[in-house]
$ cat run.cif   # mmCIF, C-alpha atoms
data_input
#
loop_
_atom_site.label_atom_id
_atom_site.label_comp_id
_atom_site.auth_asym_id
_atom_site.auth_seq_id
_atom_site.Cartn_x
_atom_site.Cartn_y
_atom_site.Cartn_z
CA MET A 1 223.03 -72.90 44.11
CA VAL A 2 224.78 -73.19 40.75
CA SER A 3 221.89 -75.22 39.32
CA LEU A 4 219.38 -72.65 40.60
CA LEU A 5 221.38 -69.79 39.09
CA ALA A 6 221.66 -71.68 35.80
CA ALA A 7 217.90 -72.28 35.75
CA PHE A 8 217.25 -68.62 36.57
CA SER A 9 219.56 -67.31 33.84
CA ASN A 10 217.98 -69.77 31.40
CA ILE A 11 214.67 -67.88 31.76
CA PHE A 12 216.12 -64.58 30.54
CA TYR A 13 219.06 -65.62 28.32
CA PRO A 14 218.17 -64.21 24.87
CA PHE A 15 220.17 -66.70 22.77
CA GLU A 16 218.56 -69.87 24.15
CA ASN A 17 215.90 -71.34 21.86
CA GLN A 18 215.01 -74.41 23.96
CA ARG A 19 214.42 -73.03 27.43
CA LEU A 20 211.96 -75.67 28.65
CA SER A 21 214.14 -78.57 27.49
CA LEU A 22 217.25 -77.06 29.08
CA ALA A 23 215.38 -76.40 32.35
CA ALA A 24 214.35 -80.07 32.46
CA LEU A 25 217.98 -81.13 31.87
CA ILE A 26 219.14 -78.88 34.72
CA ILE A 27 216.66 -80.53 37.11
CA LEU A 28 217.62 -84.07 36.00
CA ASN A 29 221.30 -83.22 36.33
CA LEU A 30 220.75 -81.85 39.84
CA ALA A 31 219.03 -85.11 40.86
CA ALA A 32 221.94 -87.15 39.47
CA PHE A 33 224.43 -84.91 41.27
CA ILE A 34 222.60 -85.28 44.60
CA LEU A 35 222.80 -89.07 44.20
CA LEU A 36 226.51 -88.79 43.40
CA ILE A 37 227.30 -86.58 46.40
CA ALA A 38 225.23 -88.74 48.78
CA SER A 39 226.57 -92.05 47.44
CA GLN A 40 227.76 -94.62 49.97
CA ASN A 41 229.09 -97.25 47.57
CA THR A 42 230.85 -97.55 44.22
CA LEU A 43 227.70 -98.49 42.30
CA GLN A 44 226.09 -95.23 43.35
CA LEU A 45 229.27 -93.39 42.33
CA LEU A 46 228.78 -94.71 38.82
CA SER A 47 225.68 -92.51 38.68
CA SER A 48 228.13 -89.96 37.29
CA SER A 49 227.57 -91.70 33.95
CA ALA A 50 224.02 -90.30 34.06
CA ILE A 51 225.55 -86.82 34.28
CA GLY A 52 227.56 -87.68 31.16
CA ILE A 53 224.40 -88.70 29.30
CA ILE A 54 222.63 -85.48 30.30
CA GLY A 55 225.65 -83.58 29.02
CA PHE A 56 225.06 -85.13 25.58
CA TYR A 57 221.84 -83.09 25.37
CA VAL A 58 223.17 -79.95 27.05
CA ILE A 59 226.02 -79.69 24.53
CA ASN A 60 224.25 -78.93 21.26
CA ASP A 61 227.28 -78.62 18.97
CA PHE A 62 228.00 -81.82 17.01
CA GLU A 63 231.82 -81.86 17.27
CA ALA A 64 231.82 -80.76 20.92
CA ARG A 65 229.24 -83.46 21.70
CA GLN A 66 231.34 -86.12 19.93
CA LYS A 67 234.46 -85.29 21.96
CA TYR A 68 232.49 -85.04 25.19
CA MET A 69 230.99 -88.51 24.78
CA TYR A 70 234.30 -90.05 23.67
CA TYR A 71 236.23 -88.75 26.67
CA ASN A 72 233.42 -89.62 29.08
CA LEU A 73 233.17 -93.16 27.74
CA LEU A 74 236.93 -93.61 28.12
CA ALA A 75 236.83 -92.25 31.69
CA ASP A 76 233.79 -94.35 32.68
CA MET A 77 235.46 -97.51 31.38
CA GLY A 78 238.46 -96.72 33.58
CA LEU A 79 236.25 -96.08 36.63
CA LEU A 80 234.30 -99.29 36.03
CA THR A 81 237.58 -101.23 35.91
CA VAL A 82 238.77 -99.61 39.14
CA PHE A 83 235.53 -100.38 41.01
CA ALA A 84 235.43 -103.95 39.64
CA VAL A 85 238.96 -104.66 40.89
CA LEU A 86 238.17 -103.06 44.25
CA TYR A 87 235.12 -105.30 44.62
CA GLY A 88 237.22 -108.34 43.70
CA ARG A 89 239.85 -107.50 46.34
CA LEU A 90 237.57 -106.25 49.12
CA GLY A 91 234.39 -108.28 48.56
CA SER A 92 232.40 -105.11 49.20
CA ILE A 93 231.22 -102.07 47.27
CA GLU A 94 230.96 -99.81 50.32
CA LEU A 95 233.12 -96.68 50.27
CA SER A 96 233.83 -97.13 53.98
CA GLU A 97 235.74 -100.32 53.12
CA LEU A 98 238.20 -98.64 50.75
CA LYS A 99 240.69 -98.15 53.58
CA ARG A 100 241.29 -101.93 53.54
CA PHE A 101 242.51 -101.80 49.94
CA GLY A 102 246.24 -101.96 50.72
CA ALA A 103 246.01 -104.85 53.21
CA ASP A 104 247.12 -107.57 50.76
CA GLY A 105 249.62 -105.40 48.86
CA VAL A 106 248.08 -106.13 45.42
CA TYR A 107 247.54 -103.49 42.69
CA LEU A 108 248.84 -100.75 45.00
CA ASN A 109 249.98 -98.61 42.06
CA PHE A 110 247.69 -99.79 39.28
CA ILE A 111 244.34 -98.91 40.89
CA PRO A 112 245.22 -95.42 42.24
CA LEU A 113 246.87 -94.42 38.96
CA LEU A 114 244.00 -95.77 36.84
CA LEU A 115 241.58 -93.85 39.07
CA LEU A 116 243.60 -90.67 38.52
CA PHE A 117 243.76 -91.26 34.77
CA SER A 118 239.98 -91.65 34.63
CA VAL A 119 239.21 -88.46 36.55
CA PHE A 120 241.88 -86.52 34.63
CA VAL A 121 240.19 -87.51 31.36
CA LYS A 122 236.71 -86.69 32.69
CA SER A 123 237.89 -83.28 33.96
CA GLY A 124 239.76 -82.36 30.79
CA LEU A 125 243.02 -81.62 32.60
CA PHE A 126 246.30 -80.94 30.79
CA MET A 127 246.87 -83.46 27.95
CA PHE A 128 243.10 -84.08 27.79
CA GLN A 129 242.05 -80.46 27.24
CA ASP A 130 240.82 -81.33 23.74
CA LEU A 131 237.55 -82.14 25.54
CA PHE A 132 236.87 -78.38 25.63
CA SER A 133 238.19 -77.40 22.19
CA ASN A 134 234.73 -76.89 20.66
CA TRP A 135 232.87 -75.58 23.70
CA ARG A 136 233.34 -72.03 22.42
CA GLN A 137 230.70 -72.89 19.81
CA LEU A 138 228.06 -73.20 22.56
CA ASN A 139 226.13 -70.22 23.78
CA PHE A 140 227.43 -68.81 27.08
CA ASN A 141 224.56 -70.21 29.13
CA ARG A 142 225.13 -73.81 28.00
CA MET A 143 228.90 -73.47 28.28
CA MET A 144 228.60 -72.37 31.92
CA LEU A 145 226.20 -75.22 32.67
CA ALA A 146 228.57 -77.74 31.06
CA SER A 147 231.56 -76.31 32.95
CA PHE A 148 229.99 -76.21 36.42
CA CYS A 149 227.34 -78.93 36.50
CA LEU A 150 228.55 -81.76 34.25
CA SER A 151 231.39 -84.29 34.14
CA PRO A 152 234.39 -82.04 34.96
CA ILE A 153 232.86 -81.25 38.35
CA SER A 154 231.47 -84.74 38.94
CA SER A 155 234.98 -86.19 38.54
CA ILE A 156 236.24 -83.98 41.39
CA ALA A 157 233.39 -85.27 43.56
CA ILE A 158 234.26 -88.88 42.66
CA LEU A 159 237.92 -88.40 43.53
CA SER A 160 237.05 -86.63 46.78
CA LYS A 161 234.99 -89.65 47.88
CA THR A 162 237.63 -92.24 46.84
CA ASN A 163 240.65 -90.19 47.90
CA VAL A 164 241.64 -92.73 50.56
CA ILE A 165 243.03 -95.27 48.08
CA LEU A 166 245.54 -92.75 46.72
CA GLN A 167 247.61 -93.08 49.90
CA PHE A 168 248.63 -96.61 48.90
CA SER A 169 250.63 -95.40 45.87
CA PRO A 170 253.69 -93.19 46.43
CA TYR A 171 253.23 -91.66 42.97
CA SER A 172 249.58 -90.64 43.09
CA ARG A 173 249.75 -87.32 44.94
CA LEU A 174 252.87 -86.22 43.05
CA LEU A 175 251.18 -87.05 39.75
CA MET A 176 248.03 -85.20 40.79
CA ALA A 177 250.06 -82.13 41.79
CA LEU A 178 251.97 -82.15 38.48
CA PHE A 179 248.79 -82.33 36.42
CA ALA A 180 247.20 -79.64 38.58
CA VAL A 181 250.12 -77.23 38.08
CA ALA A 182 250.33 -78.00 34.34
CA THR A 183 246.59 -77.34 33.99
CA LEU A 184 246.87 -74.05 35.89
CA ILE A 185 249.72 -72.90 33.62
CA TRP A 186 247.96 -74.04 30.44
CA GLY A 187 244.74 -72.33 31.47
CA PHE A 188 246.54 -69.11 32.44
CA PHE A 189 248.36 -68.68 29.13
CA GLY A 190 245.31 -69.84 27.19
CA ALA A 191 243.14 -67.19 28.86
CA LEU A 192 245.75 -64.53 28.03
CA SER A 193 246.24 -65.53 24.41
CA LYS A 194 242.65 -66.08 23.22
CA ASP A 195 240.59 -63.19 21.86
CA ASN A 196 237.26 -65.03 22.10
CA ILE A 197 235.46 -64.23 25.37
CA ARG A 198 233.98 -67.73 25.67
CA ALA A 199 237.42 -69.27 25.07
CA LYS A 200 238.85 -67.04 27.81
CA ALA A 201 236.12 -68.20 30.19
CA MET A 202 236.80 -71.84 29.30
CA TYR A 203 240.50 -71.49 30.09
CA LEU A 204 239.67 -69.77 33.38
CA ASN A 205 237.48 -72.77 34.22
CA MET A 206 240.38 -75.11 33.39
CA MET A 207 242.44 -73.20 35.94
CA MET A 208 239.67 -73.82 38.47
CA TYR A 209 239.77 -77.59 37.79
CA GLY A 210 243.53 -77.57 38.24
CA PHE A 211 243.17 -75.66 41.51
CA PHE A 212 240.66 -78.18 42.88
CA PHE A 213 242.98 -81.06 42.06
CA GLY A 214 245.81 -79.14 43.68
CA LEU A 215 243.74 -78.93 46.87
CA LEU A 216 243.07 -82.66 46.76
CA SER A 217 246.75 -83.45 46.25
CA SER A 218 247.89 -81.34 49.20
CA THR A 219 245.37 -81.99 51.98
CA VAL A 220 242.81 -84.78 52.19
CA GLY A 221 239.32 -83.33 52.46
CA GLN A 222 240.39 -79.71 51.92
CA VAL A 223 238.42 -79.52 48.69
CA ASP A 224 235.25 -80.32 50.67
CA ASP A 225 235.69 -77.15 52.72
CA ASN A 226 236.41 -74.82 49.78
CA TYR A 227 234.49 -76.51 47.00
CA PRO A 228 231.05 -74.86 47.42
CA PHE A 229 232.32 -71.29 47.75
CA LEU A 230 234.87 -71.51 44.94
CA LEU A 231 232.44 -73.19 42.56
CA LEU A 232 229.81 -70.51 43.10
CA ALA A 233 232.39 -67.71 42.87
CA LEU A 234 233.77 -68.96 39.54
CA TYR A 235 230.25 -69.37 38.16
CA LEU A 236 229.57 -65.72 38.97
CA VAL A 237 232.83 -64.73 37.26
CA ASN A 238 231.61 -66.56 34.13
CA ALA A 239 228.22 -64.86 34.42
CA SER A 240 229.90 -61.45 34.55
CA LEU A 241 231.92 -62.31 31.43
CA SER A 242 228.74 -63.34 29.62
CA LEU A 243 227.28 -59.89 30.37
#
$ encode --input "run.cif" --output "structure tokens"
Amino acid sequence: MVSLLAAFSNIFYPFENQRLSLAALIILNLAAFILLIASQNTLQLLSSSAIGIIGFYVINDFEARQKYMYYNLLADMGLLTVFAVLYGRLGSIELSELKRFGADGVYLNFIPLLLLFSVFVKSGLFMFQDLFSNWRQLNFNRMMLASFCLSPISSIAILSKTNVILQFSPYSRLLMALFAVATLIWGFFGALSKDNIRAKAMYLNMMMYGFFFGLLSSTVGQVDDNYPFLLLALYLVNASLSL
């Protein structure tokens, strides 16, 4: 729904000079996201890197693009390390086998915390919010597409599908809750203090990311129930701000 709305608004948005190119990127990104959501193993989960590459073309500001690619590369290296270690311990890349991770008692803290670090970086949570510092230079249409269809949202999907390994570390859910609350607070005061409407929207979106991680930290699977409605609702809030 978000991709369809983004494609629809792209037709009429007056400040977009590359409508056909952006429409093609929206379709490619949707295909990559479908593969990510339907993934059954860790190799398919790494398709999120394709979403990062598409984001390189969606974000058409040089400094914003630089930061986006740097943070995504750092996060993808962390995810690749996590999945490589999981394959070495489990002998399988299937997501259904992740529940066996804690059987031998090895890397019980390292892997969950590295997974959290990677998705925190990809989502631009508190301490990594510099990812968004130049997004206000984008036009509203591209900023909404980047916020709701690119890496910040894909990282939540990745964590939702690998959430089972977090139970093996006693620190993971506490750490996720702390970062979620800190992101909510940072986004709230940022939205109040900024006088740029796109900056306000960006901080509101940061609050949304923090809220999703808060859901994941409190109840396993809860984000799956609320994710579609909240994502669409926040996109419409952004659309109303752009008007």
$ resolve_selection --input "run.cif" --expression "the PyMOL selection byres ((chain A and resi 119-125) around 9)" --output "MDAnalysis selection string"
chainID A and resid 68 71:76 78:79 114:118 126:132 151:156 158:159 176 179:180 182:183 206 209:210
$ write_last_selection --input "run.cif" --atoms "C-alpha atoms" --output "PDB file, in the frame of the given file"
ATOM      1  CA  TYR A  68     232.490 -85.040  25.190  1.00  0.00           C
ATOM      2  CA  TYR A  71     236.230 -88.750  26.670  1.00  0.00           C
ATOM      3  CA  ASN A  72     233.420 -89.620  29.080  1.00  0.00           C
ATOM      4  CA  LEU A  73     233.170 -93.160  27.740  1.00  0.00           C
ATOM      5  CA  LEU A  74     236.930 -93.610  28.120  1.00  0.00           C
ATOM      6  CA  ALA A  75     236.830 -92.250  31.690  1.00  0.00           C
ATOM      7  CA  ASP A  76     233.790 -94.350  32.680  1.00  0.00           C
ATOM      8  CA  GLY A  78     238.460 -96.720  33.580  1.00  0.00           C
ATOM      9  CA  LEU A  79     236.250 -96.080  36.630  1.00  0.00           C
ATOM     10  CA  LEU A 114     244.000 -95.770  36.840  1.00  0.00           C
ATOM     11  CA  LEU A 115     241.580 -93.850  39.070  1.00  0.00           C
ATOM     12  CA  LEU A 116     243.600 -90.670  38.520  1.00  0.00           C
ATOM     13  CA  PHE A 117     243.760 -91.260  34.770  1.00  0.00           C
ATOM     14  CA  SER A 118     239.980 -91.650  34.630  1.00  0.00           C
ATOM     15  CA  PHE A 126     246.300 -80.940  30.790  1.00  0.00           C
ATOM     16  CA  MET A 127     246.870 -83.460  27.950  1.00  0.00           C
ATOM     17  CA  PHE A 128     243.100 -84.080  27.790  1.00  0.00           C
ATOM     18  CA  GLN A 129     242.050 -80.460  27.240  1.00  0.00           C
ATOM     19  CA  ASP A 130     240.820 -81.330  23.740  1.00  0.00           C
ATOM     20  CA  LEU A 131     237.550 -82.140  25.540  1.00  0.00           C
ATOM     21  CA  PHE A 132     236.870 -78.380  25.630  1.00  0.00           C
ATOM     22  CA  SER A 151     231.390 -84.290  34.140  1.00  0.00           C
ATOM     23  CA  PRO A 152     234.390 -82.040  34.960  1.00  0.00           C
ATOM     24  CA  ILE A 153     232.860 -81.250  38.350  1.00  0.00           C
ATOM     25  CA  SER A 154     231.470 -84.740  38.940  1.00  0.00           C
ATOM     26  CA  SER A 155     234.980 -86.190  38.540  1.00  0.00           C
ATOM     27  CA  ILE A 156     236.240 -83.980  41.390  1.00  0.00           C
ATOM     28  CA  ILE A 158     234.260 -88.880  42.660  1.00  0.00           C
ATOM     29  CA  LEU A 159     237.920 -88.400  43.530  1.00  0.00           C
ATOM     30  CA  MET A 176     248.030 -85.200  40.790  1.00  0.00           C
ATOM     31  CA  PHE A 179     248.790 -82.330  36.420  1.00  0.00           C
ATOM     32  CA  ALA A 180     247.200 -79.640  38.580  1.00  0.00           C
ATOM     33  CA  ALA A 182     250.330 -78.000  34.340  1.00  0.00           C
ATOM     34  CA  THR A 183     246.590 -77.340  33.990  1.00  0.00           C
ATOM     35  CA  MET A 206     240.380 -75.110  33.390  1.00  0.00           C
ATOM     36  CA  TYR A 209     239.770 -77.590  37.790  1.00  0.00           C
ATOM     37  CA  GLY A 210     243.530 -77.570  38.240  1.00  0.00           C
TER      38      GLY A 210
END
$ resolve_selection --input "run.cif" --expression "the PyMOL selection byres ((chain A and resi 200) around 12)" --output "ChimeraX atom specification"
/A:132-133,135-136,140,143,186-199,201-207,237-238,241-242
$ atom_distance --input "run.cif" --atom1 "CA of Asn41 (chain A)" --atom2 "CA of Ile93 (chain A)"
5.3 Å
$ residues_around --input "run.cif" --residues "Leu4 (chain A)" --least-positions-apart "5" --cutoff "12 Å" --atoms "only C-alpha atoms" --output "PyMOL selection string"
chain A and resi 9-11+23+26-27+29-30+145+148-149+232+235
$ resolve_selection --input "run.cif" --expression "the PyMOL selection byres ((chain A and resi 28) around 12)" --output "VMD selection string"
chain A and resid 3 7 21 to 27 29 to 35 47 50 to 55 57 to 58 149 to 150
$ closest_residue --input "run.cif" --among "A:Ala177, A:Leu43, A:Leu138, A:Arg89" --to "Gly102 (chain A)" --atoms "all atoms listed in the file"
A:Arg89
$ closest_residue --input "run.cif" --among "A:Leu231, A:Ala239, A:Leu216, A:Ala103" --to "Ala6 (chain A)" --atoms "all atoms listed in the file"
A:Ala239
$ residues_around --input "run.cif" --residues "Lys161 (chain A)" --least-positions-apart "5" --cutoff "10 Å" --atoms "all atoms listed in the file" --output "ChimeraX atom specification"
/A:36-42,45,95-96,98,155-156,221,224
$ write_last_selection --input "run.cif" --atoms "C-alpha atoms" --output "mmCIF file, keeping the file's coordinate frame"
data_model
loop_
_atom_site.group_PDB
_atom_site.id
_atom_site.type_symbol
_atom_site.label_atom_id
_atom_site.label_comp_id
_atom_site.auth_asym_id
_atom_site.auth_seq_id
_atom_site.Cartn_x
_atom_site.Cartn_y
_atom_site.Cartn_z
ATOM 1 C CA LEU A 36 226.510 -88.790 43.400
ATOM 2 C CA ILE A 37 227.300 -86.580 46.400
ATOM 3 C CA ALA A 38 225.230 -88.740 48.780
ATOM 4 C CA SER A 39 226.570 -92.050 47.440
ATOM 5 C CA GLN A 40 227.760 -94.620 49.970
ATOM 6 C CA ASN A 41 229.090 -97.250 47.570
ATOM 7 C CA THR A 42 230.850 -97.550 44.220
ATOM 8 C CA LEU A 45 229.270 -93.390 42.330
ATOM 9 C CA LEU A 95 233.120 -96.680 50.270
ATOM 10 C CA SER A 96 233.830 -97.130 53.980
ATOM 11 C CA LEU A 98 238.200 -98.640 50.750
ATOM 12 C CA SER A 155 234.980 -86.190 38.540
ATOM 13 C CA ILE A 156 236.240 -83.980 41.390
ATOM 14 C CA GLY A 221 239.320 -83.330 52.460
ATOM 15 C CA ASP A 224 235.250 -80.320 50.670
#
